[in-house]
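Undergrad: My structure file work-v1.cif, mmCIF, C-alpha atoms (C1' of nucleotides), is below:
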```cif
data_input
loop_
_atom_site.label_atom_id
_atom_site.label_comp_id
_atom_site.auth_asym_id
_atom_site.auth_seq_id
_atom_site.Cartn_x
_atom_site.Cartn_y
_atom_site.Cartn_z
CA MET A 1 -0.76 187.87 -31.23
CA PHE A 2 0.23 187.68 -34.83
CA SER A 3 -1.15 190.08 -37.36
CA GLN A 4 -4.53 189.76 -39.01
CA THR A 5 -2.77 189.28 -42.32
CA SER A 6 -0.75 186.36 -40.99
CA ARG A 7 -3.85 184.77 -39.57
CA TYR A 8 -5.51 185.05 -42.96
CA ALA A 9 -2.44 183.51 -44.58
CA LEU A 10 -2.43 180.58 -42.19
CA ARG A 11 -6.13 179.98 -42.63
CA THR A 12 -5.61 180.13 -46.38
CA LEU A 13 -2.86 177.56 -46.30
CA ALA A 14 -4.80 175.38 -43.90
CA TYR A 15 -7.68 175.46 -46.32
CA LEU A 16 -5.47 174.56 -49.26
CA ALA A 17 -3.86 171.81 -47.22
CA THR A 18 -7.21 170.10 -46.96
CA HIS A 19 -7.79 170.33 -50.72
CA ARG A 20 -4.44 169.41 -52.15
CA ASP A 21 -5.97 167.44 -54.96
CA ARG A 22 -7.37 170.30 -57.06
CA TRP A 23 -7.21 173.96 -58.04
CA VAL A 24 -9.14 176.02 -55.52
CA LEU A 25 -10.76 179.32 -56.44
CA ALA A 26 -9.73 182.37 -54.46
CA ARG A 27 -13.42 183.08 -54.03
CA GLU A 28 -13.91 179.70 -52.45
CA ILE A 29 -11.07 180.23 -50.00
CA ALA A 30 -12.45 183.64 -49.11
CA GLU A 31 -15.83 182.18 -48.25
CA GLY A 32 -14.55 179.03 -46.65
CA ALA A 33 -11.97 180.71 -44.48
CA GLY A 34 -13.82 183.98 -43.87
CA ILE A 35 -11.40 186.40 -45.53
CA PRO A 36 -12.24 189.60 -47.45
CA PRO A 37 -11.92 188.47 -51.09
CA ASP A 38 -10.02 191.46 -52.43
CA TYR A 39 -7.62 191.40 -49.54
CA LEU A 40 -7.12 187.70 -49.95
CA SER A 41 -5.92 188.26 -53.49
CA LYS A 42 -3.00 190.26 -52.12
CA ILE A 43 -2.18 187.55 -49.62
CA LEU A 44 -2.33 184.85 -52.26
CA ALA A 45 0.00 186.86 -54.47
CA ARG A 46 2.60 186.98 -51.70
CA LEU A 47 2.17 183.30 -50.95
CA ARG A 48 2.77 182.57 -54.59
CA LYS A 49 5.85 184.79 -54.85
CA ARG A 50 7.18 183.19 -51.71
CA GLY A 51 6.67 179.78 -53.29
CA PHE A 52 4.15 178.35 -50.88
CA VAL A 53 1.41 178.01 -53.47
CA SER A 54 1.04 177.73 -57.23
CA SER A 55 -1.57 179.55 -59.27
CA GLN A 56 -3.33 178.88 -62.52
CA LYS A 57 -5.11 181.56 -64.51
CA GLY A 58 -8.22 181.23 -66.60
CA TRP A 59 -11.06 178.76 -66.69
CA GLY A 60 -10.52 175.89 -64.26
CA GLY A 61 -7.71 177.77 -62.58
CA GLY A 62 -7.16 178.73 -58.98
CA PHE A 63 -4.60 178.03 -56.29
CA ARG A 64 -3.08 174.96 -54.73
CA MET A 65 -0.23 174.15 -52.42
CA LYS A 66 3.17 173.53 -53.90
CA GLY A 67 4.45 170.02 -53.52
CA THR A 68 6.74 170.91 -50.65
CA GLY A 69 4.27 173.30 -49.08
CA GLY A 70 3.13 170.98 -46.35
CA LYS A 71 6.58 170.85 -44.83
CA VAL A 72 6.78 174.60 -44.32
CA ALA A 73 6.83 175.74 -40.70
CA ILE A 74 4.36 178.27 -39.41
CA SER A 75 7.28 180.50 -38.52
CA ALA A 76 8.20 180.77 -42.21
CA VAL A 77 4.72 182.03 -43.01
CA LEU A 78 4.80 184.58 -40.21
CA GLU A 79 8.14 185.88 -41.39
CA THR A 80 6.74 186.39 -44.85
CA PHE A 81 4.02 188.71 -43.60
CA ASP A 82 5.12 190.09 -40.25
CA GLY A 83 8.85 190.16 -40.83
CA LYS A 84 11.43 188.58 -38.61
CA ARG A 85 10.47 188.20 -34.98
CA GLU A 86 13.06 189.53 -32.59
CA LYS A 87 13.80 186.55 -30.45
CA ASP A 88 15.28 188.47 -27.55
CA GLY A 89 12.84 191.35 -27.29
CA CYS A 90 11.78 192.50 -23.85
CA ALA A 91 8.13 192.57 -22.85
CA PHE A 92 8.79 195.97 -21.32
CA GLY A 93 10.45 197.21 -24.46
CA LEU A 94 13.67 197.86 -22.59
CA GLY A 95 16.81 197.94 -24.67
CA ARG A 96 19.02 196.34 -22.10
CA CYS A 97 17.23 193.35 -20.71
CA ASN A 98 18.93 189.98 -20.61
CA ALA A 99 19.94 187.23 -18.23
CA GLU A 100 22.40 189.49 -16.43
CA ALA A 101 20.20 192.57 -16.21
CA PRO A 102 16.68 191.21 -16.46
CA CYS A 103 13.55 193.26 -16.15
CA PRO A 104 11.04 191.94 -13.61
CA LEU A 105 9.12 190.11 -16.29
CA HIS A 106 12.16 188.62 -17.97
CA PRO A 107 12.12 185.05 -16.62
CA HIS A 108 8.38 184.71 -17.11
CA TRP A 109 8.50 186.18 -20.57
CA GLU A 110 11.49 184.12 -21.59
CA ARG A 111 9.67 180.93 -20.81
CA ILE A 112 6.51 181.97 -22.59
CA ARG A 113 8.39 182.92 -25.70
CA GLU A 114 10.22 179.62 -25.75
CA GLU A 115 6.94 177.73 -25.83
CA TYR A 116 5.69 180.11 -28.46
CA GLU A 117 8.67 179.51 -30.72
CA GLN A 118 8.18 175.82 -30.15
CA MET A 119 4.62 176.09 -31.40
CA LEU A 120 5.75 177.86 -34.56
CA THR A 121 7.87 174.92 -35.60
CA LEU A 122 4.71 173.03 -36.45
CA THR A 123 4.26 172.58 -40.18
CA LEU A 124 1.37 173.30 -42.47
CA CYS A 125 0.66 169.56 -42.53
CA ASP A 126 -0.61 170.01 -39.01
CA LEU A 127 -3.07 172.69 -40.01
CA LYS A 128 -6.51 171.53 -41.00
CA HIS A 129 -9.30 173.80 -42.03
CA GLU A 130 -11.73 174.42 -39.20
CA GLY A 131 -14.32 176.76 -40.73
CA ALA A 132 -14.91 180.48 -40.83
CA PRO A 133 -14.95 182.75 -37.76
CA MET B 134 2.30 191.20 -27.14
CA PHE B 135 1.14 194.41 -25.66
CA SER B 136 1.08 197.79 -27.35
CA GLN B 137 3.80 200.39 -27.29
CA THR B 138 1.53 202.60 -25.23
CA SER B 139 1.09 199.90 -22.60
CA ARG B 140 4.82 199.34 -22.47
CA TYR B 141 5.31 203.05 -21.88
CA ALA B 142 2.68 202.96 -19.15
CA LEU B 143 4.33 200.04 -17.39
CA ARG B 144 7.75 201.64 -17.59
CA THR B 145 6.25 204.83 -16.22
CA LEU B 146 4.69 203.05 -13.28
CA ALA B 147 7.84 201.05 -12.68
CA TYR B 148 9.76 204.31 -12.54
CA LEU B 149 7.31 205.86 -10.12
CA ALA B 150 7.36 202.71 -8.03
CA THR B 151 11.06 203.27 -7.40
CA HIS B 152 10.47 206.90 -6.35
CA ARG B 153 7.41 206.67 -4.19
CA ASP B 154 8.75 209.24 -1.72
CA ARG B 155 8.44 212.37 -3.87
CA TRP B 156 6.74 214.17 -6.75
CA VAL B 157 8.42 213.18 -10.01
CA LEU B 158 8.47 215.49 -13.02
CA ALA B 159 6.98 214.15 -16.25
CA ARG B 160 10.15 215.32 -17.94
CA GLU B 161 12.23 213.17 -15.61
CA ILE B 162 10.13 210.10 -16.31
CA ALA B 163 10.40 210.73 -20.03
CA GLU B 164 14.18 210.83 -19.86
CA GLY B 165 14.56 208.08 -17.31
CA ALA B 166 12.25 205.63 -18.99
CA GLY B 167 12.89 206.65 -22.60
CA ILE B 168 9.43 207.86 -23.56
CA PRO B 169 8.53 210.73 -25.95
CA PRO B 170 7.69 213.59 -23.53
CA ASP B 171 4.58 214.86 -25.28
CA TYR B 172 3.20 211.40 -25.66
CA LEU B 173 3.96 210.60 -22.06
CA SER B 174 1.73 213.45 -20.95
CA LYS B 175 -1.23 211.68 -22.54
CA ILE B 176 -0.34 208.45 -20.83
CA LEU B 177 0.04 210.13 -17.46
CA ALA B 178 -3.35 211.77 -17.88
CA ARG B 179 -4.98 208.38 -18.38
CA LEU B 180 -3.11 206.87 -15.48
CA ARG B 181 -4.37 209.72 -13.32
CA LYS B 182 -7.98 209.41 -14.46
CA ARG B 183 -7.78 205.70 -13.87
CA GLY B 184 -6.52 206.39 -10.33
CA PHE B 185 -3.10 204.78 -10.57
CA VAL B 186 -1.20 208.02 -9.97
CA SER B 187 -1.77 211.43 -8.43
CA SER B 188 -0.62 214.70 -9.94
CA GLN B 189 0.32 218.10 -8.58
CA LYS B 190 0.42 221.24 -10.69
CA GLY B 191 2.78 224.16 -10.40
CA TRP B 192 6.20 224.62 -8.89
CA GLY B 193 7.37 221.52 -7.05
CA GLY B 194 4.63 219.47 -8.66
CA GLY B 195 4.77 216.29 -10.67
CA PHE B 196 3.45 212.75 -10.41
CA ARG B 197 3.56 209.98 -7.87
CA MET B 198 1.90 206.65 -7.30
CA LYS B 199 -1.32 206.56 -5.38
CA GLY B 200 -1.14 204.82 -2.05
CA THR B 201 -2.75 201.66 -3.33
CA GLY B 202 -0.98 201.78 -6.67
CA GLY B 203 1.60 199.17 -5.87
CA LYS B 204 -1.01 196.49 -5.48
CA VAL B 205 -2.38 196.97 -8.97
CA ALA B 206 -1.86 194.03 -11.33
CA ILE B 207 -0.21 194.46 -14.69
CA SER B 208 -3.38 193.19 -16.28
CA ALA B 209 -5.28 196.21 -14.96
CA VAL B 210 -2.82 198.54 -16.64
CA LEU B 211 -3.05 196.69 -19.93
CA GLU B 212 -6.81 196.86 -19.86
CA THR B 213 -6.66 200.59 -19.39
CA PHE B 214 -4.70 201.09 -22.59
CA ASP B 215 -5.29 198.07 -24.80
CA GLY B 216 -8.83 197.26 -23.73
CA LYS B 217 -10.02 193.92 -22.45
CA ARG B 218 -8.08 190.93 -23.66
CA GLU B 219 -10.28 188.20 -25.01
CA LYS B 220 -9.28 185.25 -22.92
CA ASP B 221 -10.55 182.63 -25.33
CA GLY B 222 -9.38 184.05 -28.61
CA CYS B 223 -7.93 181.67 -31.15
CA ALA B 224 -4.44 182.11 -32.54
CA PHE B 225 -5.90 181.41 -35.96
CA GLY B 226 -8.61 183.97 -35.45
CA LEU B 227 -11.27 181.32 -35.89
CA GLY B 228 -14.62 182.09 -34.35
CA ARG B 229 -15.42 178.55 -33.34
CA CYS B 230 -12.38 177.14 -31.65
CA ASN B 231 -12.66 175.53 -28.25
CA ALA B 232 -11.97 172.33 -26.41
CA GLU B 233 -14.59 170.44 -28.45
CA ALA B 234 -13.66 171.84 -31.85
CA PRO B 235 -10.06 172.94 -31.47
CA CYS B 236 -7.90 174.34 -34.22
CA PRO B 237 -4.55 172.60 -34.64
CA LEU B 238 -2.81 175.17 -32.53
CA HIS B 239 -5.40 175.19 -29.78
CA PRO B 240 -3.71 173.05 -27.11
CA HIS B 241 -0.36 174.76 -27.60
CA TRP B 242 -1.89 178.18 -27.61
CA GLU B 243 -4.05 177.47 -24.60
CA ARG B 244 -1.06 176.58 -22.51
CA ILE B 245 0.93 179.60 -23.62
CA ARG B 246 -1.90 181.96 -22.85
CA GLU B 247 -2.33 180.49 -19.42
CA GLU B 248 1.25 181.25 -18.54
CA TYR B 249 0.83 184.69 -20.03
CA GLU B 250 -2.21 185.45 -17.92
CA GLN B 251 -0.30 184.16 -14.93
CA MET B 252 2.46 186.65 -15.62
CA LEU B 253 -0.03 189.51 -15.78
CA THR B 254 -1.15 188.88 -12.21
CA LEU B 255 2.13 190.30 -11.00
CA THR B 256 1.69 193.67 -9.31
CA LEU B 257 3.42 196.95 -9.84
CA CYS B 258 5.37 196.31 -6.65
CA ASP B 259 7.29 193.76 -8.64
CA LEU B 260 8.26 196.25 -11.30
CA LYS B 261 11.48 198.10 -10.72
CA HIS B 262 12.88 200.64 -13.08
CA GLU B 263 15.61 199.18 -15.27
CA GLY B 264 16.71 202.13 -17.41
CA ALA B 265 15.89 203.43 -20.87
CA PRO B 266 16.00 201.32 -24.06
"C1'" DA C 267 -10.58 184.28 -83.39
"C1'" DT C 268 -13.50 185.32 -79.76
"C1'" DC C 269 -15.66 184.82 -75.36
"C1'" DT C 270 -15.55 184.10 -70.60
"C1'" DC C 271 -13.22 182.92 -66.51
"C1'" DA C 272 -9.96 183.92 -62.94
"C1'" DA C 273 -5.62 185.59 -61.32
"C1'" DT C 274 -2.62 190.03 -61.34
"C1'" DG C 275 -1.48 194.37 -59.86
"C1'" DG C 276 -1.87 199.43 -59.44
"C1'" DA C 277 -4.46 203.04 -57.18
"C1'" DT C 278 -7.08 204.44 -53.47
"C1'" DA C 279 -9.83 204.47 -49.03
"C1'" DT C 280 -10.22 203.54 -44.13
"C1'" DT C 281 -8.70 202.92 -39.59
"C1'" DG C 282 -6.03 203.05 -35.45
"C1'" DT C 283 -1.64 203.79 -33.23
"C1'" DC C 284 1.88 206.67 -32.19
"C1'" DA C 285 3.51 211.16 -31.89
"C1'" DT C 286 3.93 216.36 -31.82
"C1'" DC C 287 2.43 221.22 -31.19
"C1'" DC C 288 0.64 224.69 -28.64
"C1'" DA C 289 -2.72 227.29 -25.95
"C1'" DC C 290 -4.82 226.95 -21.29
"C1'" DT C 291 -5.14 226.25 -16.23
"C1'" DG C 292 -3.72 225.95 -11.54
"C1'" DA C 293 -0.15 226.50 -7.93
"C1'" DG C 294 3.84 228.16 -5.47
"C1'" DA C 295 7.73 231.87 -5.29
"C1'" DG C 296 8.97 236.60 -5.11
"C1'" DC D 297 -0.21 240.74 -7.75
"C1'" DT D 298 2.73 238.90 -11.01
"C1'" DC D 299 6.01 235.63 -12.78
"C1'" DT D 300 7.33 231.15 -13.75
"C1'" DC D 301 6.72 226.36 -13.41
"C1'" DA D 302 4.36 222.19 -14.63
"C1'" DG D 303 0.37 219.47 -15.62
"C1'" DT D 304 -4.13 219.56 -18.93
"C1'" DG D 305 -6.18 218.97 -23.06
"C1'" DG D 306 -7.59 220.04 -27.88
"C1'" DA D 307 -5.99 219.93 -32.65
"C1'" DT D 308 -3.23 218.02 -35.85
"C1'" DG D 309 0.19 215.10 -38.34
"C1'" DA D 310 2.84 210.78 -39.76
"C1'" DC D 311 2.51 206.22 -40.72
"C1'" DA D 312 1.42 201.32 -41.11
"C1'" DA D 313 -2.14 197.80 -41.35
"C1'" DT D 314 -6.24 196.64 -43.32
"C1'" DA D 315 -9.46 196.77 -46.97
"C1'" DT D 316 -11.69 197.90 -51.51
"C1'" DC D 317 -12.02 199.10 -56.53
"C1'" DC D 318 -11.07 198.33 -61.09
"C1'" DA D 319 -8.31 197.83 -65.29
"C1'" DT D 320 -5.19 194.33 -67.25
"C1'" DT D 321 -3.32 189.82 -68.40
"C1'" DG D 322 -3.28 185.03 -69.41
"C1'" DA D 323 -5.67 180.61 -70.29
"C1'" DG D 324 -9.20 177.34 -71.57
"C1'" DA D 325 -13.86 176.72 -74.05
"C1'" DT D 326 -16.53 177.37 -78.24
#
```
Any chance you could give the structure as structure tokens?
TA:
Amino acid sequence: MFSQTSRYALRTLAYLATHRDRWVLAREIAEGAGIPPDYLSKILARLRKRGFVSSQKGWGGGFRMKGTGGKVAISAVLETFDGKREKDGCAFGLGRCNAEAPCPLHPHWERIREEYEQMLTLTLCDLKHEGAP
Amino acid sequence: MFSQTSRYALRTLAYLATHRDRWVLAREIAEGAGIPPDYLSKILARLRKRGFVSSQKGWGGGFRMKGTGGKVAISAVLETFDGKREKDGCAFGLGRCNAEAPCPLHPHWERIREEYEQMLTLTLCDLKHEGAP
DNA sequence: ATCTCAATGGATATTGTCATCCACTGAGAG
DNA sequence: CTCTCAGTGGATGACAATATCCATTGAGAT
């Protein structure tokens, strides 16, 4: 469904959400959440630039969620990494496909996407770390 | 979602489903369904090997659906091009995520995927050509 | 000041999808 | 038989996503 990178990002934030009290090493996140360490560093950089996490260099440093981080919706994270989702895309990839001229899958797909969007409104508070793959 | 290639394949089959009475040129499908002609030839080859369509070389040739083609489920087409879908994958990409140890998205995701799988049981008969993108 | 730790960021490698090009093969028209 | 049409298939290219490597920067410990 969503990209590997977004999954990593969500797992990262879920991990940080369960350790809000301290600076967490990137290395620790990588192990704990099962993410390639060097790739994780890129993801963490984007999360920091986007304002979801803070970072601290040097001895005793690491990453932690920003104060407001827990109230961020999943959809905001996905948009950071996968770009904006097109909310009226057609499963068939047809250009003209809407309520008036629906493709055969339109009603089914419409309903599925609505539930999907609903799911993405959940916030990071809801995400708890569940272990590596 | 499914891949671009699968979307092309479904559009192709939908187009052929609306012209079951004759041999249809690849070129015509490409124009009618909005698919890159040279790429379409690869897709048609796989559809033929898989037994969804027949082909006829030379003057007056082209492609058409096999007799049984209309009863093929969308899921069968997707599996041909995207490979088997893992029915119990986790949105988070976590390895251990099931009813006993669910990730926070599990119940939501479960329900969405069920509806999705339901949609894929529709057959090609249900797919009518709706024009290019 | 100097050492070590840990994040930062630029360069590069790998992989798979999507796409194009073109030479070959088989079939009907004349 | 020969010409043209149209599918077949191998080789190649463009590109993004994923992943790795390593040199640099900033910060605390001593």
Undergrad: Name the residues in contact with segment 150-159 of chain B at a cut-off of 7 Å, using all atoms listed in the file, excluding same-chain residues fewer than 2 positions from it; report them as a list of chain:residue names.
TA: B:Leu146, B:Ala147, B:Tyr148, B:Glu161, B:Ile162, B:Ala163, B:Gly194, B:Gly195, B:Phe196, B:Arg197, B:Met198, B:Cys258, B:Lys261, B:His262
Undergrad: For the residues in that selection, give me C-alpha atoms as a compact mmCIF listing (two decimals), keeping the file's coordinate frame.
TA:
```
# COMPACT_ATOMS: atom_id res chain seq x y z
CA LEU B 146 4.69 203.05 -13.28
CA ALA B 147 7.84 201.05 -12.68
CA TYR B 148 9.76 204.31 -12.54
CA GLU B 161 12.23 213.17 -15.61
CA ILE B 162 10.13 210.10 -16.31
CA ALA B 163 10.40 210.73 -20.03
CA GLY B 194 4.63 219.47 -8.66
CA GLY B 195 4.77 216.29 -10.67
CA PHE B 196 3.45 212.75 -10.41
CA ARG B 197 3.56 209.98 -7.87
CA MET B 198 1.90 206.65 -7.30
CA CYS B 258 5.37 196.31 -6.65
CA LYS B 261 11.48 198.10 -10.72
CA HIS B 262 12.88 200.64 -13.08
```
Undergrad: Taking the file above as input, evaluate the PyMOL selection byres ((chain A) within 6 of (chain C)) and report the hits as a list of chain:residue names.
TA: A:Lys57, A:Gly58, A:Trp59
Undergrad: Do you have the atom CA of Gly165 of chain B-atom CA of Arg96 of chain A distance handy?
TA: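 Taking atom CA of Gly165 of chain B as the start and atom CA of Arg96 of chain A as the end point, the length is 13.4 Å.
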Undergrad: Mind dumping a table of every chain D residue within 7 Å of chain B, with the nearest atom pair and its distance in Å to one decimal, using only C-alpha atoms (C1' of nucleotides), sorted by chain and rising number, as CSV?
TA:
```
residue,atom,partner,partner_atom,distance
D:DC301,C1',B:Trp192,CA,4.9
D:DA302,C1',B:Gly191,CA,4.9
D:DG303,C1',B:Lys190,CA,5.2
```
Undergrad: For chain A versus chain B, which residues have an atom no more than 10 Å away, and what is each residue's nearest atom pair and distance in Å rounded to one decimal, using only C-alpha atoms, chain-then-number order, as JSON lines?
TA:
```
{"residue": "A:Met1", "atom": "CA", "partner": "B:Met134", "partner_atom": "CA", "distance": 6.1}
{"residue": "A:Phe2", "atom": "CA", "partner": "B:Ala224", "partner_atom": "CA", "distance": 7.6}
{"residue": "A:Ser3", "atom": "CA", "partner": "B:Gly226", "partner_atom": "CA", "distance": 9.8}
{"residue": "A:Gln4", "atom": "CA", "partner": "B:Gly226", "partner_atom": "CA", "distance": 7.9}
{"residue": "A:Ser6", "atom": "CA", "partner": "B:Phe225", "partner_atom": "CA", "distance": 8.7}
{"residue": "A:Arg7", "atom": "CA", "partner": "B:Phe225", "partner_atom": "CA", "distance": 5.3}
{"residue": "A:Tyr8", "atom": "CA", "partner": "B:Phe225", "partner_atom": "CA", "distance": 7.9}
{"residue": "A:Ala9", "atom": "CA", "partner": "B:Phe225", "partner_atom": "CA", "distance": 9.5}
{"residue": "A:Leu10", "atom": "CA", "partner": "B:Phe225", "partner_atom": "CA", "distance": 7.2}
{"residue": "A:Arg11", "atom": "CA", "partner": "B:Phe225", "partner_atom": "CA", "distance": 6.8}
{"residue": "A:Ala14", "atom": "CA", "partner": "B:Pro237", "partner_atom": "CA", "distance": 9.7}
{"residue": "A:Ala33", "atom": "CA", "partner": "B:Leu227", "partner_atom": "CA", "distance": 8.6}
{"residue": "A:Gly34", "atom": "CA", "partner": "B:Leu227", "partner_atom": "CA", "distance": 8.8}
{"residue": "A:Cys90", "atom": "CA", "partner": "B:Pro266", "partner_atom": "CA", "distance": 9.8}
{"residue": "A:Ala91", "atom": "CA", "partner": "B:Met134", "partner_atom": "CA", "distance": 7.4}
{"residue": "A:Phe92", "atom": "CA", "partner": "B:Arg140", "partner_atom": "CA", "distance": 5.3}
{"residue": "A:Gly93", "atom": "CA", "partner": "B:Arg140", "partner_atom": "CA", "distance": 6.3}
{"residue": "A:Leu94", "atom": "CA", "partner": "B:Pro266", "partner_atom": "CA", "distance": 4.4}
{"residue": "A:Gly95", "atom": "CA", "partner": "B:Pro266", "partner_atom": "CA", "distance": 3.5}
{"residue": "A:Arg96", "atom": "CA", "partner": "B:Pro266", "partner_atom": "CA", "distance": 6.1}
{"residue": "A:Cys97", "atom": "CA", "partner": "B:Glu263", "partner_atom": "CA", "distance": 8.1}
{"residue": "A:Ala101", "atom": "CA", "partner": "B:Glu263", "partner_atom": "CA", "distance": 8.1}
{"residue": "A:Pro102", "atom": "CA", "partner": "B:Glu263", "partner_atom": "CA", "distance": 8.1}
{"residue": "A:Cys103", "atom": "CA", "partner": "B:Glu263", "partner_atom": "CA", "distance": 6.3}
{"residue": "A:Pro104", "atom": "CA", "partner": "B:Leu260", "partner_atom": "CA", "distance": 5.6}
{"residue": "A:Leu105", "atom": "CA", "partner": "B:Met252", "partner_atom": "CA", "distance": 7.5}
{"residue": "A:Pro107", "atom": "CA", "partner": "B:Met252", "partner_atom": "CA", "distance": 9.8}
{"residue": "A:His108", "atom": "CA", "partner": "B:Met252", "partner_atom": "CA", "distance": 6.4}
{"residue": "A:Trp109", "atom": "CA", "partner": "B:Met252", "partner_atom": "CA", "distance": 7.8}
{"residue": "A:Arg111", "atom": "CA", "partner": "B:Glu248", "partner_atom": "CA", "distance": 8.7}
{"residue": "A:Ile112", "atom": "CA", "partner": "B:Ile245", "partner_atom": "CA", "distance": 6.1}
{"residue": "A:Arg113", "atom": "CA", "partner": "B:Ile245", "partner_atom": "CA", "distance": 8.4}
{"residue": "A:Glu114", "atom": "CA", "partner": "B:Ile245", "partner_atom": "CA", "distance": 9.5}
{"residue": "A:Glu115", "atom": "CA", "partner": "B:Ile245", "partner_atom": "CA", "distance": 6.7}
{"residue": "A:Tyr116", "atom": "CA", "partner": "B:Ile245", "partner_atom": "CA", "distance": 6.8}
{"residue": "A:Gln118", "atom": "CA", "partner": "B:His241", "partner_atom": "CA", "distance": 9.0}
{"residue": "A:Met119", "atom": "CA", "partner": "B:His241", "partner_atom": "CA", "distance": 6.4}
{"residue": "A:Leu120", "atom": "CA", "partner": "B:Leu238", "partner_atom": "CA", "distance": 9.2}
{"residue": "A:Leu122", "atom": "CA", "partner": "B:Leu238", "partner_atom": "CA", "distance": 8.7}
{"residue": "A:Leu124", "atom": "CA", "partner": "B:Pro237", "partner_atom": "CA", "distance": 9.8}
{"residue": "A:Cys125", "atom": "CA", "partner": "B:Pro237", "partner_atom": "CA", "distance": 9.9}
{"residue": "A:Asp126", "atom": "CA", "partner": "B:Pro237", "partner_atom": "CA", "distance": 6.4}
{"residue": "A:Leu127", "atom": "CA", "partner": "B:Pro237", "partner_atom": "CA", "distance": 5.6}
{"residue": "A:Lys128", "atom": "CA", "partner": "B:Pro237", "partner_atom": "CA", "distance": 6.7}
{"residue": "A:His129", "atom": "CA", "partner": "B:Cys236", "partner_atom": "CA", "distance": 8.0}
{"residue": "A:Glu130", "atom": "CA", "partner": "B:Cys236", "partner_atom": "CA", "distance": 6.3}
{"residue": "A:Gly131", "atom": "CA", "partner": "B:Leu227", "partner_atom": "CA", "distance": 7.3}
{"residue": "A:Ala132", "atom": "CA", "partner": "B:Leu227", "partner_atom": "CA", "distance": 6.2}
{"residue": "A:Pro133", "atom": "CA", "partner": "B:Gly228", "partner_atom": "CA", "distance": 3.5}
```
Undergrad: So which residues touch Tyr39 of chain A within 9 Å, counting all atoms listed in the file, skipping near sequence neighbours fewer than 6 positions away, as a list in words?
TA: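 Answer for this query is Thr5 of chain A; DT314, DA315 and DT316 of chain D.
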Undergrad: Put a box with edges along x, y and z around all the listed atoms of segment 298-312 of chain D, pad it by 6 Å on each side, then give me its centre and sizes in Å, one decimal, as lines of an AutoDock Vina configuration file.
TA:
```
center_x = -0.1
center_y = 220.1
center_z = -26.1
size_x = 26.9
size_y = 49.6
size_z = 42.1
```
Undergrad: What's the separation between atom CA of Asn98 of chain A and atom CA of Thr256 of chain B, in Å to one decimal place?
TA: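 Straight-line distance from atom CA of Asn98 of chain A to atom CA of Thr256 of chain B works out to 20.9 Å.
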Undergrad: Interatomic distance between atom CA of Phe52 of chain A and atom CA of Lys66 of chain A?
TA: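 Interatomic distance here is 5.8 Å.
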Undergrad: Could you write out as number ranges by chain the residues that the PyMOL selection byres ((chain A and resi 75) around 9) matches in the shown file?
TA: A: 72-74, 76-80, 117, 119-123
Undergrad: Just the selected residues (C-alpha atoms), exported as an mmCIF file, in the frame of the given file, please.
TA:
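Writing done, so here's again_13.cif:
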```cif
data_model
loop_
_atom_site.group_PDB
_atom_site.id
_atom_site.type_symbol
_atom_site.label_atom_id
_atom_site.label_comp_id
_atom_site.auth_asym_id
_atom_site.auth_seq_id
_atom_site.Cartn_x
_atom_site.Cartn_y
_atom_site.Cartn_z
ATOM 1 C CA VAL A 72 6.780 174.600 -44.320
ATOM 2 C CA ALA A 73 6.830 175.740 -40.700
ATOM 3 C CA ILE A 74 4.360 178.270 -39.410
ATOM 4 C CA ALA A 76 8.200 180.770 -42.210
ATOM 5 C CA VAL A 77 4.720 182.030 -43.010
ATOM 6 C CA LEU A 78 4.800 184.580 -40.210
ATOM 7 C CA GLU A 79 8.140 185.880 -41.390
ATOM 8 C CA THR A 80 6.740 186.390 -44.850
ATOM 9 C CA GLU A 117 8.670 179.510 -30.720
ATOM 10 C CA MET A 119 4.620 176.090 -31.400
ATOM 11 C CA LEU A 120 5.750 177.860 -34.560
ATOM 12 C CA THR A 121 7.870 174.920 -35.600
ATOM 13 C CA LEU A 122 4.710 173.030 -36.450
ATOM 14 C CA THR A 123 4.260 172.580 -40.180
#
```
